[in-house]
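Next comes protein.cif, a file with mmCIF, N, CA and C atoms.
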```cif
data_final
#
loop_
_atom_site.label_atom_id
_atom_site.label_comp_id
_atom_site.auth_asym_id
_atom_site.auth_seq_id
_atom_site.Cartn_x
_atom_site.Cartn_y
_atom_site.Cartn_z
N MET A 1 -88.63 128.74 155.78
CA MET A 1 -88.06 130.06 155.86
C MET A 1 -88.39 130.80 154.57
N ASP A 2 -88.93 132.00 154.70
CA ASP A 2 -89.29 132.78 153.53
C ASP A 2 -88.47 134.07 153.47
N ASP A 3 -88.86 134.96 152.56
CA ASP A 3 -88.11 136.21 152.36
C ASP A 3 -88.10 137.09 153.61
N LEU A 4 -89.19 137.12 154.35
CA LEU A 4 -89.24 137.92 155.57
C LEU A 4 -88.26 137.39 156.61
N ASP A 5 -88.23 136.08 156.79
CA ASP A 5 -87.28 135.48 157.72
C ASP A 5 -85.84 135.83 157.32
N THR A 6 -85.55 135.71 156.04
CA THR A 6 -84.21 136.01 155.54
C THR A 6 -83.86 137.47 155.79
N GLU A 7 -84.79 138.35 155.55
CA GLU A 7 -84.57 139.78 155.77
C GLU A 7 -84.36 140.10 157.25
N LEU A 8 -85.13 139.45 158.11
CA LEU A 8 -84.96 139.64 159.56
C LEU A 8 -83.59 139.15 160.02
N LEU A 9 -83.18 137.97 159.55
CA LEU A 9 -81.88 137.43 159.93
C LEU A 9 -80.75 138.33 159.47
N SER A 10 -80.88 138.86 158.28
CA SER A 10 -79.85 139.76 157.76
C SER A 10 -79.73 141.01 158.62
N ALA A 11 -80.85 141.60 158.98
CA ALA A 11 -80.83 142.81 159.82
C ALA A 11 -80.29 142.51 161.21
N LEU A 12 -80.65 141.35 161.75
CA LEU A 12 -80.16 140.98 163.09
C LEU A 12 -78.67 140.65 163.07
N ARG A 13 -78.16 140.11 161.97
CA ARG A 13 -76.72 139.86 161.88
C ARG A 13 -75.95 141.18 161.90
N HIS A 14 -76.53 142.17 161.27
CA HIS A 14 -75.89 143.48 161.23
C HIS A 14 -75.96 144.18 162.58
N ASN A 15 -77.08 144.03 163.28
CA ASN A 15 -77.28 144.69 164.57
C ASN A 15 -78.25 143.84 165.40
N ALA A 16 -77.70 143.03 166.31
CA ALA A 16 -78.53 142.13 167.11
C ALA A 16 -79.41 142.89 168.10
N ARG A 17 -79.14 144.18 168.32
CA ARG A 17 -79.93 144.98 169.27
C ARG A 17 -81.02 145.81 168.60
N ILE A 18 -81.19 145.66 167.30
CA ILE A 18 -82.20 146.45 166.59
C ILE A 18 -83.58 146.17 167.18
N SER A 19 -84.37 147.20 167.30
CA SER A 19 -85.69 147.04 167.91
C SER A 19 -86.68 146.38 166.95
N VAL A 20 -87.71 145.81 167.53
CA VAL A 20 -88.78 145.20 166.73
C VAL A 20 -89.42 146.27 165.86
N SER A 21 -89.60 147.47 166.40
CA SER A 21 -90.19 148.56 165.61
C SER A 21 -89.33 148.89 164.39
N SER A 22 -88.02 148.94 164.60
CA SER A 22 -87.12 149.23 163.47
C SER A 22 -87.15 148.10 162.45
N LEU A 23 -87.19 146.86 162.93
CA LEU A 23 -87.29 145.72 162.02
C LEU A 23 -88.58 145.77 161.22
N ALA A 24 -89.66 146.16 161.88
CA ALA A 24 -90.95 146.28 161.19
C ALA A 24 -90.87 147.35 160.10
N ALA A 25 -90.23 148.47 160.41
CA ALA A 25 -90.09 149.55 159.43
C ALA A 25 -89.24 149.10 158.23
N ILE A 26 -88.18 148.37 158.51
CA ILE A 26 -87.28 147.90 157.44
C ILE A 26 -87.99 146.90 156.53
N THR A 27 -88.74 145.99 157.12
CA THR A 27 -89.34 144.90 156.36
C THR A 27 -90.73 145.22 155.82
N GLY A 28 -91.39 146.21 156.41
CA GLY A 28 -92.75 146.50 156.00
C GLY A 28 -93.79 145.62 156.66
N ALA A 29 -93.36 144.76 157.57
CA ALA A 29 -94.27 143.89 158.31
C ALA A 29 -94.70 144.59 159.60
N SER A 30 -95.75 144.11 160.21
CA SER A 30 -96.20 144.70 161.48
C SER A 30 -95.26 144.29 162.61
N ARG A 31 -95.30 145.08 163.69
CA ARG A 31 -94.48 144.75 164.86
C ARG A 31 -94.84 143.37 165.40
N ALA A 32 -96.13 143.06 165.44
CA ALA A 32 -96.57 141.77 165.95
C ALA A 32 -96.05 140.62 165.08
N THR A 33 -96.08 140.81 163.77
CA THR A 33 -95.57 139.78 162.86
C THR A 33 -94.08 139.58 163.05
N VAL A 34 -93.33 140.69 163.15
CA VAL A 34 -91.88 140.61 163.35
C VAL A 34 -91.56 139.89 164.66
N ALA A 35 -92.23 140.27 165.74
CA ALA A 35 -91.99 139.64 167.04
C ALA A 35 -92.31 138.15 166.98
N ALA A 36 -93.40 137.79 166.34
CA ALA A 36 -93.78 136.38 166.23
C ALA A 36 -92.77 135.60 165.39
N ARG A 37 -92.30 136.21 164.31
CA ARG A 37 -91.30 135.54 163.46
C ARG A 37 -90.00 135.31 164.22
N ILE A 38 -89.55 136.31 164.95
CA ILE A 38 -88.31 136.16 165.72
C ILE A 38 -88.48 135.07 166.76
N ASP A 39 -89.62 135.07 167.45
CA ASP A 39 -89.88 134.01 168.44
C ASP A 39 -89.86 132.63 167.78
N ARG A 40 -90.43 132.53 166.59
CA ARG A 40 -90.47 131.25 165.87
C ARG A 40 -89.06 130.84 165.43
N LEU A 41 -88.25 131.79 164.98
CA LEU A 41 -86.88 131.49 164.57
C LEU A 41 -86.04 131.02 165.76
N VAL A 42 -86.30 131.59 166.92
CA VAL A 42 -85.61 131.15 168.13
C VAL A 42 -86.08 129.75 168.53
N ALA A 43 -87.39 129.55 168.53
CA ALA A 43 -87.95 128.26 168.94
C ALA A 43 -87.52 127.12 168.02
N SER A 44 -87.35 127.41 166.73
CA SER A 44 -86.96 126.37 165.77
C SER A 44 -85.46 126.09 165.79
N GLY A 45 -84.71 126.95 166.49
CA GLY A 45 -83.27 126.76 166.54
C GLY A 45 -82.52 127.45 165.41
N THR A 46 -83.23 128.15 164.55
CA THR A 46 -82.56 128.91 163.48
C THR A 46 -81.72 130.02 164.09
N ILE A 47 -82.28 130.72 165.08
CA ILE A 47 -81.52 131.69 165.86
C ILE A 47 -81.18 131.00 167.17
N VAL A 48 -79.90 130.85 167.45
CA VAL A 48 -79.49 130.18 168.68
C VAL A 48 -79.01 131.16 169.74
N GLY A 49 -78.97 132.44 169.41
CA GLY A 49 -78.57 133.43 170.40
C GLY A 49 -78.37 134.78 169.77
N PHE A 50 -78.33 135.76 170.61
CA PHE A 50 -78.05 137.13 170.21
C PHE A 50 -76.76 137.53 170.91
N THR A 51 -75.92 138.29 170.25
CA THR A 51 -74.62 138.59 170.83
C THR A 51 -74.18 140.00 170.50
N ILE A 52 -73.11 140.40 171.15
CA ILE A 52 -72.45 141.67 170.85
C ILE A 52 -70.97 141.39 170.65
N ARG A 53 -70.27 142.34 170.07
CA ARG A 53 -68.82 142.27 169.98
C ARG A 53 -68.28 143.43 170.80
N THR A 54 -67.32 143.16 171.63
CA THR A 54 -66.72 144.21 172.43
C THR A 54 -65.52 144.80 171.70
N SER A 55 -65.05 145.94 172.18
CA SER A 55 -63.92 146.56 171.52
C SER A 55 -62.70 145.64 171.53
N HIS A 56 -62.56 144.83 172.58
CA HIS A 56 -61.44 143.88 172.64
C HIS A 56 -61.54 142.88 171.49
N GLU A 57 -62.74 142.38 171.21
CA GLU A 57 -62.92 141.38 170.17
C GLU A 57 -62.82 141.97 168.78
N THR A 58 -63.19 143.23 168.61
CA THR A 58 -63.23 143.81 167.28
C THR A 58 -61.94 144.50 166.89
N ARG A 59 -61.09 144.80 167.84
CA ARG A 59 -59.82 145.43 167.46
C ARG A 59 -58.94 144.38 166.79
N SER A 60 -58.03 144.86 166.00
CA SER A 60 -57.16 143.94 165.27
C SER A 60 -56.26 143.18 166.23
N ALA A 61 -56.20 141.89 166.04
CA ALA A 61 -55.27 141.07 166.81
C ALA A 61 -53.88 141.29 166.24
N GLY A 62 -52.86 140.90 166.99
CA GLY A 62 -51.51 141.03 166.50
C GLY A 62 -51.32 140.28 165.19
N VAL A 63 -51.64 139.00 165.19
CA VAL A 63 -51.52 138.17 163.99
C VAL A 63 -52.72 137.23 163.96
N ARG A 64 -53.38 137.21 162.82
CA ARG A 64 -54.48 136.26 162.61
C ARG A 64 -54.16 135.49 161.34
N ALA A 65 -54.52 134.20 161.33
CA ALA A 65 -54.20 133.39 160.17
C ALA A 65 -55.16 132.22 160.04
N ILE A 66 -55.16 131.65 158.86
CA ILE A 66 -55.87 130.42 158.57
C ILE A 66 -54.79 129.38 158.28
N VAL A 67 -54.88 128.22 158.94
CA VAL A 67 -53.91 127.15 158.72
C VAL A 67 -54.67 125.92 158.23
N MET A 68 -54.32 125.47 157.03
CA MET A 68 -54.88 124.25 156.49
C MET A 68 -53.98 123.10 156.94
N ILE A 69 -54.60 122.01 157.37
CA ILE A 69 -53.85 120.92 157.99
C ILE A 69 -54.23 119.58 157.36
N GLU A 70 -53.21 118.84 156.95
CA GLU A 70 -53.41 117.49 156.43
C GLU A 70 -52.96 116.49 157.49
N VAL A 71 -53.82 115.51 157.78
CA VAL A 71 -53.57 114.53 158.84
C VAL A 71 -53.26 113.17 158.23
N LEU A 72 -52.33 112.46 158.86
CA LEU A 72 -51.98 111.10 158.44
C LEU A 72 -53.02 110.10 158.93
N GLY A 73 -53.41 109.20 158.06
CA GLY A 73 -54.23 108.06 158.44
C GLY A 73 -55.44 108.37 159.28
N LYS A 74 -55.59 107.62 160.36
CA LYS A 74 -56.78 107.69 161.20
C LYS A 74 -56.54 108.47 162.48
N LEU A 75 -55.67 109.46 162.43
CA LEU A 75 -55.31 110.22 163.63
C LEU A 75 -56.09 111.54 163.76
N ALA A 76 -57.11 111.73 162.96
CA ALA A 76 -57.83 113.00 162.94
C ALA A 76 -58.41 113.38 164.31
N ASP A 77 -59.03 112.44 165.00
CA ASP A 77 -59.64 112.76 166.30
C ASP A 77 -58.57 113.19 167.31
N ARG A 78 -57.47 112.48 167.31
CA ARG A 78 -56.37 112.80 168.24
C ARG A 78 -55.78 114.18 167.92
N VAL A 79 -55.57 114.46 166.64
CA VAL A 79 -55.03 115.75 166.22
C VAL A 79 -56.02 116.87 166.58
N ALA A 80 -57.30 116.65 166.32
CA ALA A 80 -58.31 117.66 166.63
C ALA A 80 -58.33 117.98 168.12
N ASP A 81 -58.24 116.96 168.96
CA ASP A 81 -58.21 117.18 170.41
C ASP A 81 -57.04 118.07 170.81
N GLN A 82 -55.87 117.81 170.23
CA GLN A 82 -54.69 118.60 170.57
C GLN A 82 -54.81 120.03 170.05
N LEU A 83 -55.36 120.19 168.86
CA LEU A 83 -55.54 121.54 168.30
C LEU A 83 -56.54 122.35 169.13
N ARG A 84 -57.63 121.71 169.55
CA ARG A 84 -58.62 122.40 170.37
C ARG A 84 -58.04 122.85 171.70
N GLY A 85 -56.99 122.19 172.16
CA GLY A 85 -56.35 122.54 173.42
C GLY A 85 -55.45 123.76 173.34
N LEU A 86 -55.15 124.23 172.15
CA LEU A 86 -54.30 125.41 172.00
C LEU A 86 -55.15 126.68 172.08
N PRO A 87 -54.85 127.59 173.00
CA PRO A 87 -55.67 128.80 173.13
C PRO A 87 -55.61 129.70 171.90
N GLN A 88 -54.58 129.59 171.10
CA GLN A 88 -54.46 130.42 169.90
C GLN A 88 -55.39 129.95 168.77
N VAL A 89 -55.90 128.72 168.88
CA VAL A 89 -56.84 128.20 167.89
C VAL A 89 -58.22 128.70 168.26
N ARG A 90 -58.71 129.69 167.51
CA ARG A 90 -60.01 130.30 167.79
C ARG A 90 -61.17 129.48 167.25
N ALA A 91 -60.92 128.75 166.17
CA ALA A 91 -61.94 127.88 165.58
C ALA A 91 -61.24 126.77 164.83
N LEU A 92 -61.88 125.61 164.79
CA LEU A 92 -61.33 124.46 164.08
C LEU A 92 -62.45 123.84 163.26
N HIS A 93 -62.20 123.70 161.98
CA HIS A 93 -63.21 123.17 161.05
C HIS A 93 -62.68 121.92 160.38
N SER A 94 -63.48 120.86 160.32
CA SER A 94 -63.10 119.72 159.50
C SER A 94 -63.58 120.02 158.07
N THR A 95 -62.90 119.46 157.10
CA THR A 95 -63.22 119.78 155.72
C THR A 95 -62.94 118.58 154.83
N ASN A 96 -63.23 118.70 153.57
CA ASN A 96 -62.94 117.61 152.62
C ASN A 96 -61.82 118.07 151.69
N GLY A 97 -61.41 117.19 150.81
CA GLY A 97 -60.35 117.54 149.88
C GLY A 97 -58.99 117.27 150.48
N LYS A 98 -57.98 118.00 150.01
CA LYS A 98 -56.60 117.78 150.46
C LYS A 98 -56.44 118.05 151.95
N TRP A 99 -57.10 119.07 152.47
CA TRP A 99 -56.92 119.48 153.87
C TRP A 99 -58.00 118.85 154.73
N ASP A 100 -57.58 118.27 155.83
CA ASP A 100 -58.53 117.64 156.76
C ASP A 100 -59.13 118.65 157.72
N PHE A 101 -58.34 119.66 158.09
CA PHE A 101 -58.80 120.69 159.02
C PHE A 101 -58.39 122.07 158.52
N VAL A 102 -59.19 123.05 158.89
CA VAL A 102 -58.83 124.46 158.74
C VAL A 102 -58.92 125.06 160.13
N ALA A 103 -57.81 125.61 160.60
CA ALA A 103 -57.76 126.22 161.93
C ALA A 103 -57.64 127.74 161.78
N GLU A 104 -58.43 128.46 162.56
CA GLU A 104 -58.32 129.90 162.62
C GLU A 104 -57.47 130.23 163.84
N LEU A 105 -56.35 130.89 163.60
CA LEU A 105 -55.41 131.21 164.68
C LEU A 105 -55.38 132.70 164.95
N GLU A 106 -55.12 133.03 166.21
CA GLU A 106 -54.91 134.42 166.61
C GLU A 106 -53.81 134.43 167.66
N ASP A 107 -52.81 135.28 167.45
CA ASP A 107 -51.69 135.36 168.39
C ASP A 107 -51.27 136.81 168.54
N ARG A 108 -50.53 137.10 169.61
CA ARG A 108 -50.23 138.50 169.95
C ARG A 108 -49.20 139.15 169.03
N ASP A 109 -48.23 138.38 168.51
CA ASP A 109 -47.20 138.95 167.64
C ASP A 109 -46.59 137.84 166.80
N LEU A 110 -45.70 138.21 165.87
CA LEU A 110 -45.12 137.23 164.96
C LEU A 110 -44.24 136.20 165.67
N VAL A 111 -43.52 136.61 166.70
CA VAL A 111 -42.68 135.67 167.42
C VAL A 111 -43.55 134.59 168.07
N SER A 112 -44.62 135.00 168.74
CA SER A 112 -45.54 134.03 169.37
C SER A 112 -46.23 133.18 168.31
N PHE A 113 -46.61 133.81 167.21
CA PHE A 113 -47.27 133.10 166.12
C PHE A 113 -46.35 132.01 165.55
N ASP A 114 -45.09 132.35 165.36
CA ASP A 114 -44.12 131.38 164.86
C ASP A 114 -44.02 130.19 165.81
N GLU A 115 -44.01 130.44 167.10
CA GLU A 115 -43.95 129.36 168.10
C GLU A 115 -45.22 128.50 168.04
N THR A 116 -46.38 129.14 167.88
CA THR A 116 -47.64 128.40 167.77
C THR A 116 -47.61 127.49 166.55
N LEU A 117 -47.16 128.01 165.41
CA LEU A 117 -47.06 127.17 164.20
C LEU A 117 -46.10 126.00 164.42
N ARG A 118 -44.99 126.25 165.10
CA ARG A 118 -44.03 125.18 165.39
C ARG A 118 -44.70 124.10 166.22
N ARG A 119 -45.45 124.50 167.24
CA ARG A 119 -46.15 123.53 168.10
C ARG A 119 -47.17 122.73 167.30
N ILE A 120 -47.88 123.39 166.41
CA ILE A 120 -48.88 122.69 165.59
C ILE A 120 -48.19 121.67 164.69
N ARG A 121 -47.11 122.08 164.05
CA ARG A 121 -46.42 121.18 163.12
C ARG A 121 -45.78 119.99 163.81
N LEU A 122 -45.54 120.08 165.12
CA LEU A 122 -44.96 118.98 165.88
C LEU A 122 -46.00 117.98 166.40
N ILE A 123 -47.29 118.29 166.23
CA ILE A 123 -48.33 117.37 166.69
C ILE A 123 -48.25 116.08 165.89
N ASN A 124 -48.15 114.97 166.60
CA ASN A 124 -48.08 113.66 165.96
C ASN A 124 -49.34 113.42 165.14
N GLY A 125 -49.17 113.11 163.87
CA GLY A 125 -50.30 112.84 162.98
C GLY A 125 -50.50 113.92 161.94
N ILE A 126 -49.88 115.09 162.14
CA ILE A 126 -49.99 116.14 161.13
C ILE A 126 -48.94 115.88 160.05
N ASN A 127 -49.41 115.75 158.82
CA ASN A 127 -48.52 115.47 157.70
C ASN A 127 -48.00 116.76 157.07
N SER A 128 -48.87 117.73 156.84
CA SER A 128 -48.43 118.99 156.25
C SER A 128 -49.41 120.10 156.61
N THR A 129 -48.94 121.33 156.50
CA THR A 129 -49.77 122.50 156.76
C THR A 129 -49.50 123.55 155.69
N GLU A 130 -50.47 124.43 155.54
CA GLU A 130 -50.31 125.62 154.70
C GLU A 130 -50.95 126.76 155.46
N THR A 131 -50.21 127.85 155.61
CA THR A 131 -50.66 128.97 156.43
C THR A 131 -50.86 130.22 155.58
N ASN A 132 -51.97 130.91 155.82
CA ASN A 132 -52.24 132.20 155.20
C ASN A 132 -52.53 133.21 156.29
N ILE A 133 -51.71 134.25 156.38
CA ILE A 133 -51.93 135.30 157.37
C ILE A 133 -53.04 136.21 156.85
N LEU A 134 -53.99 136.53 157.72
CA LEU A 134 -55.10 137.41 157.36
C LEU A 134 -54.65 138.86 157.53
N LEU A 135 -54.81 139.64 156.49
CA LEU A 135 -54.33 141.03 156.52
C LEU A 135 -55.42 142.01 156.91
N LYS A 136 -56.60 141.88 156.36
CA LYS A 136 -57.68 142.83 156.61
C LYS A 136 -59.02 142.09 156.55
N THR A 137 -59.92 142.42 157.45
CA THR A 137 -61.25 141.83 157.45
C THR A 137 -62.24 142.92 157.06
N SER A 138 -63.01 142.67 156.02
CA SER A 138 -63.97 143.66 155.58
C SER A 138 -65.40 143.28 155.93
N LYS A 139 -65.62 142.03 156.38
CA LYS A 139 -66.95 141.59 156.76
C LYS A 139 -66.81 140.47 157.77
N THR A 140 -67.60 140.49 158.83
CA THR A 140 -67.67 139.39 159.76
C THR A 140 -69.09 138.88 159.82
N GLY A 141 -69.26 137.68 160.29
CA GLY A 141 -70.60 137.09 160.38
C GLY A 141 -71.01 136.47 159.07
N PHE A 142 -72.29 136.13 158.95
CA PHE A 142 -72.79 135.47 157.76
C PHE A 142 -73.52 136.44 156.89
#
```
Let me see the file written as structure tokens.
Amino acid sequence: MDDLDTELLSALRHNARISVSSLAAITGASRATVAARIDRLVASGTIVGFTIRTSHETRSAGVRAIVMIEVLGKLADRVADQLRGLPQVRALHSTNGKWDFVAELEDRDLVSFDETLRRIRLINGINSTETNILLKTSKTGF
């Protein structure tokens, strides 16, 4: 991957529908080169898809938060399965250090959010949690 690939990926992250002609103008490369590079990035698995965000996905959720989770002993797989089963868990990441998992939560309001946290804390194998409510998002994507 070189500077042109990086520049193309950056432009596509910002707007996945940008035309090859516009990408060529931005990068200074020919349309044929840009098209070939994008095809190569797709074929290599660097680009795994193109997407859009709808107004439903981009509007502010009622409550969004990050929950750090510490698991007891060897129960991580069991805890992860239960967390993945909760519709409010939008993403689940394993990590190192004090926290075994970081869960991204989204819920409609504080009352529902409180109930979701209660359910998470009752999962057998969870030792402790720390929750941070997300207030404002200024950048999405990579």
With the file shown as input, list the residues that the PyMOL selection byres ((chain A and resi 102-107) around 8) selects, as a PDB file with N, CA and C atoms, in the coordinates of the input.
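Saved result, expr39.pdb, follows:
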```
ATOM      1  N   ALA A  61     -56.200 141.890 166.040  1.00  0.00           N
ATOM      2  CA  ALA A  61     -55.270 141.070 166.810  1.00  0.00           C
ATOM      3  C   ALA A  61     -53.880 141.290 166.240  1.00  0.00           C
ATOM      4  N   GLY A  62     -52.860 140.900 166.990  1.00  0.00           N
ATOM      5  CA  GLY A  62     -51.510 141.030 166.500  1.00  0.00           C
ATOM      6  C   GLY A  62     -51.320 140.280 165.190  1.00  0.00           C
ATOM      7  N   VAL A  63     -51.640 139.000 165.190  1.00  0.00           N
ATOM      8  CA  VAL A  63     -51.520 138.170 163.990  1.00  0.00           C
ATOM      9  C   VAL A  63     -52.720 137.230 163.960  1.00  0.00           C
ATOM     10  N   ARG A  64     -53.380 137.210 162.820  1.00  0.00           N
ATOM     11  CA  ARG A  64     -54.480 136.260 162.610  1.00  0.00           C
ATOM     12  C   ARG A  64     -54.160 135.490 161.340  1.00  0.00           C
ATOM     13  N   ALA A  65     -54.520 134.200 161.330  1.00  0.00           N
ATOM     14  CA  ALA A  65     -54.200 133.390 160.170  1.00  0.00           C
ATOM     15  C   ALA A  65     -55.160 132.220 160.040  1.00  0.00           C
ATOM     16  N   ILE A  66     -55.160 131.650 158.860  1.00  0.00           N
ATOM     17  CA  ILE A  66     -55.870 130.420 158.570  1.00  0.00           C
ATOM     18  C   ILE A  66     -54.790 129.380 158.280  1.00  0.00           C
ATOM     19  N   VAL A  67     -54.880 128.220 158.940  1.00  0.00           N
ATOM     20  CA  VAL A  67     -53.910 127.150 158.720  1.00  0.00           C
ATOM     21  C   VAL A  67     -54.670 125.920 158.230  1.00  0.00           C
ATOM     22  N   MET A  68     -54.320 125.470 157.030  1.00  0.00           N
ATOM     23  CA  MET A  68     -54.880 124.250 156.490  1.00  0.00           C
ATOM     24  C   MET A  68     -53.980 123.100 156.940  1.00  0.00           C
ATOM     25  N   ILE A  69     -54.600 122.010 157.370  1.00  0.00           N
ATOM     26  CA  ILE A  69     -53.850 120.920 157.990  1.00  0.00           C
ATOM     27  C   ILE A  69     -54.230 119.580 157.360  1.00  0.00           C
ATOM     28  N   GLU A  70     -53.210 118.840 156.950  1.00  0.00           N
ATOM     29  CA  GLU A  70     -53.410 117.490 156.430  1.00  0.00           C
ATOM     30  C   GLU A  70     -52.960 116.490 157.490  1.00  0.00           C
ATOM     31  N   PRO A  87     -54.850 127.590 173.000  1.00  0.00           N
ATOM     32  CA  PRO A  87     -55.670 128.800 173.130  1.00  0.00           C
ATOM     33  C   PRO A  87     -55.610 129.700 171.900  1.00  0.00           C
ATOM     34  N   GLN A  88     -54.580 129.590 171.100  1.00  0.00           N
ATOM     35  CA  GLN A  88     -54.460 130.420 169.900  1.00  0.00           C
ATOM     36  C   GLN A  88     -55.390 129.950 168.770  1.00  0.00           C
ATOM     37  N   VAL A  89     -55.900 128.720 168.880  1.00  0.00           N
ATOM     38  CA  VAL A  89     -56.840 128.200 167.890  1.00  0.00           C
ATOM     39  C   VAL A  89     -58.220 128.700 168.260  1.00  0.00           C
ATOM     40  N   ARG A  90     -58.710 129.690 167.510  1.00  0.00           N
ATOM     41  CA  ARG A  90     -60.010 130.300 167.790  1.00  0.00           C
ATOM     42  C   ARG A  90     -61.170 129.480 167.250  1.00  0.00           C
ATOM     43  N   ALA A  91     -60.920 128.750 166.170  1.00  0.00           N
ATOM     44  CA  ALA A  91     -61.940 127.880 165.580  1.00  0.00           C
ATOM     45  C   ALA A  91     -61.240 126.770 164.830  1.00  0.00           C
ATOM     46  N   LEU A  92     -61.880 125.610 164.790  1.00  0.00           N
ATOM     47  CA  LEU A  92     -61.330 124.460 164.080  1.00  0.00           C
ATOM     48  C   LEU A  92     -62.450 123.840 163.260  1.00  0.00           C
ATOM     49  N   HIS A  93     -62.200 123.700 161.980  1.00  0.00           N
ATOM     50  CA  HIS A  93     -63.210 123.170 161.050  1.00  0.00           C
ATOM     51  C   HIS A  93     -62.680 121.920 160.380  1.00  0.00           C
ATOM     52  N   SER A  94     -63.480 120.860 160.320  1.00  0.00           N
ATOM     53  CA  SER A  94     -63.100 119.720 159.500  1.00  0.00           C
ATOM     54  C   SER A  94     -63.580 120.020 158.070  1.00  0.00           C
ATOM     55  N   THR A  95     -62.900 119.460 157.100  1.00  0.00           N
ATOM     56  CA  THR A  95     -63.220 119.780 155.720  1.00  0.00           C
ATOM     57  C   THR A  95     -62.940 118.580 154.830  1.00  0.00           C
ATOM     58  N   ASN A  96     -63.230 118.700 153.570  1.00  0.00           N
ATOM     59  CA  ASN A  96     -62.940 117.610 152.620  1.00  0.00           C
ATOM     60  C   ASN A  96     -61.820 118.070 151.690  1.00  0.00           C
ATOM     61  N   TRP A  99     -57.100 119.070 152.470  1.00  0.00           N
ATOM     62  CA  TRP A  99     -56.920 119.480 153.870  1.00  0.00           C
ATOM     63  C   TRP A  99     -58.000 118.850 154.730  1.00  0.00           C
ATOM     64  N   ASP A 100     -57.580 118.270 155.830  1.00  0.00           N
ATOM     65  CA  ASP A 100     -58.530 117.640 156.760  1.00  0.00           C
ATOM     66  C   ASP A 100     -59.130 118.650 157.720  1.00  0.00           C
ATOM     67  N   PHE A 101     -58.340 119.660 158.090  1.00  0.00           N
ATOM     68  CA  PHE A 101     -58.800 120.690 159.020  1.00  0.00           C
ATOM     69  C   PHE A 101     -58.390 122.070 158.520  1.00  0.00           C
ATOM     70  N   ARG A 108     -50.530 137.100 169.610  1.00  0.00           N
ATOM     71  CA  ARG A 108     -50.230 138.500 169.950  1.00  0.00           C
ATOM     72  C   ARG A 108     -49.200 139.150 169.030  1.00  0.00           C
ATOM     73  N   ASP A 109     -48.230 138.380 168.510  1.00  0.00           N
ATOM     74  CA  ASP A 109     -47.200 138.950 167.640  1.00  0.00           C
ATOM     75  C   ASP A 109     -46.590 137.840 166.800  1.00  0.00           C
ATOM     76  N   LEU A 110     -45.700 138.210 165.870  1.00  0.00           N
ATOM     77  CA  LEU A 110     -45.120 137.230 164.960  1.00  0.00           C
ATOM     78  C   LEU A 110     -44.240 136.200 165.670  1.00  0.00           C
ATOM     79  N   VAL A 111     -43.520 136.610 166.700  1.00  0.00           N
ATOM     80  CA  VAL A 111     -42.680 135.670 167.420  1.00  0.00           C
ATOM     81  C   VAL A 111     -43.550 134.590 168.070  1.00  0.00           C
ATOM     82  N   SER A 112     -44.620 135.000 168.740  1.00  0.00           N
ATOM     83  CA  SER A 112     -45.540 134.030 169.370  1.00  0.00           C
ATOM     84  C   SER A 112     -46.230 133.180 168.310  1.00  0.00           C
ATOM     85  N   PHE A 113     -46.610 133.810 167.210  1.00  0.00           N
ATOM     86  CA  PHE A 113     -47.270 133.100 166.120  1.00  0.00           C
ATOM     87  C   PHE A 113     -46.350 132.010 165.550  1.00  0.00           C
ATOM     88  N   ASP A 114     -45.090 132.350 165.360  1.00  0.00           N
ATOM     89  CA  ASP A 114     -44.120 131.380 164.860  1.00  0.00           C
ATOM     90  C   ASP A 114     -44.020 130.190 165.810  1.00  0.00           C
TER      91      ASP A 114
END
```
Strand (DSSP E) positions in chain A, given as JSON, numbers by chain: {"A": [63, 64, 65, 66, 67, 68, 69, 70, 71, 89, 90, 91, 92, 93, 94, 101, 102, 103, 104, 105, 106, 107, 126, 127, 128, 129, 130, 131, 132, 133, 134]}
Residues of segment 46-111 of chain A within 6.5 Å of segment 22-42 of chain A: nearest atom pair and distance (Å, one decimal) for each, counting all atoms listed in the file, sorted by chain and number, as CSV?
```
residue,atom,partner,partner_atom,distance
A:Thr46,N,A:Leu41,C,4.2
A:Ile47,N,A:Leu41,C,3.8
A:Val48,N,A:Val42,CA,5.8
```
At what distance in Å, to one decimal, does atom CA of Thr140 of chain A lie from atom CA of Arg17 of chain A?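 These two atoms are separated by 16.5 Å.
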Excluding Gln82 of chain A and any residue of its chain fewer than 6 positions from it, enumerate the residues within 10 Å of it, using only C-alpha atoms, and give them as a VMD selection string. chain A and resid 76 120 123 to 124
